[in-house]
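Q: my_file18.txt is the file, holding compact mmCIF, C-alpha atoms:
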```
# COMPACT_ATOMS: atom_id res chain seq x y z
CA THR U 603 14.20 -11.99 -5.19
CA PHE U 604 15.90 -10.06 -7.94
CA GLY U 605 18.95 -11.17 -9.89
CA GLY U 606 19.17 -14.25 -7.68
CA GLN U 607 19.28 -12.18 -4.49
CA SER U 608 16.53 -11.75 -1.93
CA PHE U 609 15.89 -8.37 -0.38
CA ALA U 610 13.92 -7.02 2.53
CA TYR U 611 12.84 -3.39 2.50
CA VAL U 612 12.51 -1.36 5.69
CA VAL U 613 10.44 1.82 5.80
CA ASN U 614 12.18 4.49 7.90
CA HIS U 615 9.39 6.81 9.05
CA GLY U 616 11.63 9.35 10.74
CA SER U 617 14.18 9.71 7.97
CA GLY U 618 11.94 9.65 4.89
CA SER U 619 13.69 6.67 3.38
CA VAL U 620 13.59 2.94 2.68
CA THR U 621 16.58 0.74 3.47
CA PRO U 622 17.14 -2.34 1.30
CA ILE U 623 18.64 -5.32 3.15
CA THR U 624 20.34 -8.18 1.31
CA VAL U 625 18.81 -11.18 3.08
CA ALA U 626 21.68 -13.63 2.38
CA THR U 627 24.24 -11.43 4.10
CA GLY U 628 22.07 -9.37 6.44
CA THR U 629 23.68 -6.28 4.99
CA ALA U 630 21.86 -2.95 4.78
CA GLY U 631 22.24 -1.07 1.52
CA THR U 632 22.12 2.63 0.83
CA PRO U 633 18.82 4.16 2.00
CA ILE U 634 16.49 5.23 -0.80
CA THR U 635 14.95 8.68 -0.29
CA VAL U 636 11.16 8.72 -0.58
CA GLY U 637 8.55 11.20 0.66
CA SER U 638 7.89 12.56 4.13
CA ALA U 639 6.98 10.13 6.94
CA PRO U 640 6.73 6.87 4.97
CA VAL U 641 4.61 4.21 6.71
CA GLY U 642 3.44 1.47 4.36
CA ILE U 643 5.10 -0.67 1.71
CA ALA U 644 4.01 -3.36 -0.74
CA ILE U 645 5.87 -5.17 -3.51
CA THR U 646 4.36 -6.22 -6.82
CA PRO U 647 3.97 -9.99 -7.28
CA ASN U 648 6.57 -9.97 -10.08
CA GLY U 649 9.10 -8.44 -7.70
CA LEU U 650 9.88 -5.47 -9.93
CA THR U 651 8.49 -2.55 -7.95
CA ALA U 652 7.97 -1.59 -4.31
CA TYR U 653 5.36 1.06 -3.49
CA VAL U 654 5.79 3.21 -0.38
CA THR U 655 3.07 5.36 1.21
CA ASN U 656 4.36 8.74 2.35
CA ASN U 657 2.03 9.84 5.15
CA GLY U 658 3.54 13.31 5.44
CA SER U 659 3.49 14.23 1.77
CA ASN U 660 0.24 12.60 0.53
CA THR U 661 2.10 10.57 -2.06
CA VAL U 662 3.20 7.05 -2.95
CA THR U 663 6.75 6.50 -4.19
CA PRO U 664 7.45 3.64 -6.60
CA ILE U 665 10.90 2.06 -6.18
CA THR U 666 12.47 0.10 -9.02
CA ILE U 667 13.91 -2.94 -7.26
CA ALA U 668 16.51 -3.76 -9.92
CA THR U 669 18.29 -0.45 -9.27
CA ASN U 670 16.88 0.55 -5.86
CA THR U 671 15.89 3.92 -7.25
CA ALA U 672 12.82 5.98 -6.41
CA GLY U 673 10.50 7.06 -9.19
CA THR U 674 8.22 10.05 -9.45
CA PRO U 675 5.86 10.28 -6.44
CA ILE U 676 2.19 9.61 -7.17
CA THR U 677 -0.27 12.01 -5.51
CA VAL U 678 -3.01 10.22 -3.54
CA GLY U 679 -5.38 11.22 -0.72
CA SER U 680 -4.62 12.78 2.62
CA TYR U 681 -2.29 10.86 4.97
CA PRO U 682 -1.84 7.64 2.98
CA TYR U 683 -1.21 4.71 5.28
CA GLY U 684 -1.74 1.09 4.25
CA ILE U 685 -1.16 -0.30 0.77
CA ALA U 686 -1.94 -3.60 -0.91
CA ILE U 687 -1.42 -4.87 -4.46
CA THR U 688 -3.77 -7.17 -6.35
CA PRO U 689 -2.44 -10.72 -6.91
CA ASN U 690 -2.29 -10.09 -10.67
CA GLY U 691 -0.07 -7.06 -10.02
CA LEU U 692 -2.24 -4.64 -11.96
CA THR U 693 -3.45 -2.33 -9.20
CA ALA U 694 -2.16 -1.00 -5.89
CA TYR U 695 -4.78 0.20 -3.39
CA VAL U 696 -3.84 2.94 -0.91
CA ALA U 697 -5.82 3.66 2.26
CA ASN U 698 -5.95 7.42 2.79
CA TYR U 699 -6.34 7.91 6.54
CA GLY U 700 -7.10 11.63 6.38
CA SER U 701 -9.60 11.66 3.55
CA GLY U 702 -11.71 8.55 4.17
CA THR U 703 -10.88 7.12 0.77
CA VAL U 704 -8.88 4.44 -1.01
CA THR U 705 -6.92 5.42 -4.11
CA PRO U 706 -6.36 2.79 -6.81
CA ILE U 707 -3.05 3.11 -8.65
CA THR U 708 -2.56 1.52 -12.07
CA VAL U 709 0.81 -0.20 -11.72
CA ALA U 710 1.66 -0.22 -15.45
CA THR U 711 1.50 3.59 -15.66
CA ASN U 712 1.92 4.63 -11.99
CA THR U 713 -1.21 6.75 -12.23
CA ALA U 714 -3.79 7.32 -9.51
CA GLY U 715 -7.43 6.62 -10.29
CA THR U 716 -10.59 8.08 -8.81
CA PRO U 717 -10.59 7.78 -4.99
CA ILE U 718 -13.14 5.36 -3.54
CA THR U 719 -15.12 6.63 -0.54
CA VAL U 720 -15.13 3.81 2.00
CA GLY U 721 -17.96 4.83 4.33
CA GLY U 722 -15.74 4.96 7.36
CA ALA U 723 -13.36 7.39 9.01
CA ASN U 724 -9.59 7.00 8.99
CA PRO U 725 -8.98 3.99 6.72
CA ASP U 726 -5.56 2.57 7.48
CA GLY U 727 -5.16 -1.19 7.05
CA ILE U 728 -5.94 -2.85 3.72
CA ALA U 729 -5.73 -6.40 2.36
CA ILE U 730 -6.85 -8.08 -0.86
CA THR U 731 -8.30 -11.56 -1.18
CA PRO U 732 -6.03 -14.13 -2.91
CA ASN U 733 -8.45 -14.33 -5.85
CA GLY U 734 -8.13 -10.56 -6.29
CA LEU U 735 -11.86 -9.92 -6.19
CA THR U 736 -12.21 -7.95 -2.95
CA ALA U 737 -10.16 -5.49 -0.94
CA TYR U 738 -10.97 -5.09 2.76
CA VAL U 739 -10.23 -1.77 4.44
CA ALA U 740 -10.02 -1.28 8.21
CA ASN U 741 -11.52 2.08 9.18
CA TYR U 742 -9.84 3.07 12.43
CA GLY U 743 -12.13 5.98 13.26
CA SER U 744 -15.40 4.17 12.54
CA ASN U 745 -14.84 0.74 14.08
CA ASN U 746 -15.70 -0.96 10.82
CA VAL U 747 -14.25 -2.65 7.73
CA THR U 748 -15.32 -1.77 4.19
CA PRO U 749 -15.23 -4.35 1.39
CA ILE U 750 -14.34 -2.97 -2.06
CA THR U 751 -15.25 -4.83 -5.24
CA VAL U 752 -12.01 -4.65 -7.23
CA ALA U 753 -13.60 -5.12 -10.67
CA THR U 754 -15.70 -1.97 -10.29
CA ASN U 755 -13.82 -0.08 -7.53
CA THR U 756 -17.03 0.25 -5.56
CA ALA U 757 -17.34 0.16 -1.78
CA GLY U 758 -19.82 -2.17 -0.14
CA THR U 759 -21.62 -1.89 3.18
CA PRO U 760 -19.20 -1.42 6.10
CA ILE U 761 -18.94 -4.34 8.56
CA THR U 762 -18.91 -3.38 12.25
CA VAL U 763 -15.88 -4.71 14.17
CA GLY U 764 -14.10 -3.83 17.43
CA SER U 765 -12.66 -0.55 18.58
CA ASP U 766 -9.97 1.17 16.46
CA PRO U 767 -9.35 -1.49 13.77
CA ASN U 768 -5.94 -1.13 12.21
CA GLY U 769 -4.24 -4.16 10.65
CA ILE U 770 -6.04 -6.67 8.47
CA ALA U 771 -4.98 -9.95 6.85
CA ILE U 772 -6.77 -12.58 4.76
CA THR U 773 -6.26 -16.34 4.94
CA PRO U 774 -4.46 -17.92 1.96
CA ASN U 775 -7.62 -19.81 0.96
CA GLY U 776 -9.55 -16.53 0.89
```
Write out the structure in this file as structure tokens.
A:
Amino acid sequence: TFGGQSFAYVVNHGSGSVTPITVATGTAGTPITVGSAPVGIAITPNGLTAYVTNNGSNTVTPITIATNTAGTPITVGSYPYGIAITPNGLTAYVANYGSGTVTPITVATNTAGTPITVGGANPDGIAITPNGLTAYVANYGSNNVTPITVATNTAGTPITVGSDPNGIAITPNG
């Protein structure tokens, strides 16, 4: 919700854009140009910024929701896919499918931090616990999930799961 209106944002992989939809009217707004082959999107808890992973350009584009304008792309790892933002809104975590890493982005400055090696191939899905302490990353190519301690940005021991893990979600009670 911004300015009393609620919006939904749709990532358009084939056209390199994000379409804002005004929920009350079901009306699509003008598409916002982002990077090549966008796939993932997350919105900060304060509702001010949407972050879009651009799989084809190895970047993340911040979108200012108040104006629906794209900011300067942030360079991350190879083939960024999933993205999740900590509940306190301070950090966005990007799963880099092609480089086996997760890149933390400081939301206040839109700067990428040191990539975290996750111990698995092809990280794609990512979710953060409601208390903000741990991020869990699904590693598609390794059939495992890596926990990351948010306070230190360190990866823990991968947890073996089924074949080709992709999406991941965490219960509200953590």
Q: Quick one: residues within 10 Å of segment 625-634 of chain U, only C-alpha atoms counted, chain neighbours fewer than 3 positions away excluded, as a count of residues only?
A: 19
Q: Which of these, U:Val739, U:Val662, U:Ile667, U:Ala723, has the shortest distance to Ala694 of chain U once you count all atoms listed in the file?
A: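 Nearest to Ala694 of chain U: U:Val662.
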Q: Rank U:Thr754, U:Asn698, U:Thr705, U:Thr773 by their smallest atom-to-atom distance to Asn657 of chain U, using all atoms listed in the file, and report the top residue only.
A: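 Ranked by minimum distance to Asn657 of chain U, first place goes to U:Asn698.
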Q: Within 10 Å of Asn724 of chain U, counting only C-alpha atoms, which residues show up once you throw out same-chain ones fewer than 6 positions away? Write them as a ChimeraX atom specification, please.
A: /U:680-683,697-703,739-745,766-768
Q: Mind listing as a list in words all residues within 8 Å of (-7.5, -11.5, 1.2), counting all atoms listed in the file?
A: Ala729, Ile730, Thr731, Pro732, Asn733, Gly734, Thr736, Ala737, Tyr738, Ala771, Ile772, Thr773, Pro774 and Gly776 of chain U
Q: Residues of segment 685-741 of chain U within 7 Å of segment 757-760 of chain U: nearest atom pair and distance (Å, one decimal) for each, counting all atoms listed in the file, sorted by chain and number, as CSV?
A:
```
residue,atom,partner,partner_atom,distance
U:Ile718,CA,U:Ala757,CA,6.9
U:Thr719,CA,U:Ala757,CA,7.0
U:Val720,CA,U:Ala757,CA,5.7
U:Gly721,CA,U:Pro760,CA,6.6
```
Q: Would you put the residues from that selection into a file with C-alpha atoms, as a PDB file, keeping the file's coordinate frame?
A:
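Now in again_4.pdb:
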```pdb
ATOM      1  CA  ILE U 718     -13.140   5.360  -3.540  1.00  0.00           C
ATOM      2  CA  THR U 719     -15.120   6.630  -0.540  1.00  0.00           C
ATOM      3  CA  VAL U 720     -15.130   3.810   2.000  1.00  0.00           C
ATOM      4  CA  GLY U 721     -17.960   4.830   4.330  1.00  0.00           C
TER       5      GLY U 721
END
```
Q: Just how far from atom CA of Ile770 of chain U is atom CA of Val709 of chain U, in Å to one decimal?
A: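 Separation between atom CA of Val709 of chain U and atom CA of Ile770 of chain U: 22.3 Å.
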Q: Measure the distance from atom CA of Thr655 of chain U to atom CA of Val641 of chain U in Å and round it to one decimal.
A: 5.8 Å
Q: Which polymer residues, protein or nucleic acid, are no farther than 9 Å from (-4.7, -3.8, -12.1), counting only C-alpha atoms, as number ranges by chain?
A: U: 687-694, 706-710, 752
Q: Next, dump the selected residues to file, keeping only C-alpha atoms, as a PDB file, in the coordinates of the input.
A:
```
ATOM      1  CA  ILE U 687      -1.420  -4.870  -4.460  1.00  0.00           C
ATOM      2  CA  THR U 688      -3.770  -7.170  -6.350  1.00  0.00           C
ATOM      3  CA  PRO U 689      -2.440 -10.720  -6.910  1.00  0.00           C
ATOM      4  CA  ASN U 690      -2.290 -10.090 -10.670  1.00  0.00           C
ATOM      5  CA  GLY U 691      -0.070  -7.060 -10.020  1.00  0.00           C
ATOM      6  CA  LEU U 692      -2.240  -4.640 -11.960  1.00  0.00           C
ATOM      7  CA  THR U 693      -3.450  -2.330  -9.200  1.00  0.00           C
ATOM      8  CA  ALA U 694      -2.160  -1.000  -5.890  1.00  0.00           C
ATOM      9  CA  PRO U 706      -6.360   2.790  -6.810  1.00  0.00           C
ATOM     10  CA  ILE U 707      -3.050   3.110  -8.650  1.00  0.00           C
ATOM     11  CA  THR U 708      -2.560   1.520 -12.070  1.00  0.00           C
ATOM     12  CA  VAL U 709       0.810  -0.200 -11.720  1.00  0.00           C
ATOM     13  CA  ALA U 710       1.660  -0.220 -15.450  1.00  0.00           C
ATOM     14  CA  VAL U 752     -12.010  -4.650  -7.230  1.00  0.00           C
TER      15      VAL U 752
END
```
Q: Compile the contact shell of Ile761 of chain U as a PyMOL selection string: residues with an atom at most 8 Å away, counting only C-alpha atoms, same-chain residues fewer than 5 positions apart removed.
A: chain U and resi 746-748
Q: Quick one, how far is atom CA of Ala639 of chain U from atom CA of Val763 of chain U?
A: 28.2 Å
Q: I need the residue nearest Gly727 of chain U from this list: U:Pro749, U:Pro664, U:Gly673, U:Gly769. Use all atoms listed in the file for the distance.
A: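 Nearest to Gly727 of chain U: U:Gly769.
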Q: I'd like the neighbourhood of Asn656 of chain U as a list in words, where a residue qualifies if any of its atoms comes within 6 Å (using all atoms listed in the file), though same-chain residues fewer than 3 positions away should be ignored.
A: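 Surrounding residues, per the criterion: Gly637, Ser638, Ala639, Pro640, Ser659, Asn660, Thr661 and Val662 of chain U.
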Q: Give me, as a PyMOL selection string, all polymer residues having an atom no more than 7 Å from Ile676 of chain U, counting all atoms listed in the file and skipping those fewer than 2 positions away in the same chain.
A: chain U and resi 661-663+674+678+712-714
Q: Given only C-alpha atoms as the basis, pick out the residue of U:Val636, U:Ile645, U:Val696, U:Ala753 nearest to Pro675 of chain U.
A: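 That would be U:Val636, the residue with the smallest distance to Pro675 of chain U.
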Q: Which one is closest to Pro647 of chain U: U:Gly679, U:Thr762, U:Ala686, U:Thr635? Count all atoms listed in the file.
A: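 For Pro647 of chain U, the nearest of the candidates is U:Ala686.
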Q: Would you compute the box with edges along x, y and z of the file around segment 643-648 of chain U, including every atom the file lists for it and 3 Å extra on each side, and give its centre and edge lengths in Å to one decimal, as JSON?
A:
```
{"center_x": 5.3, "center_y": -5.3, "center_z": -4.2, "size_x": 8.6, "size_y": 15.3, "size_z": 17.8}
```
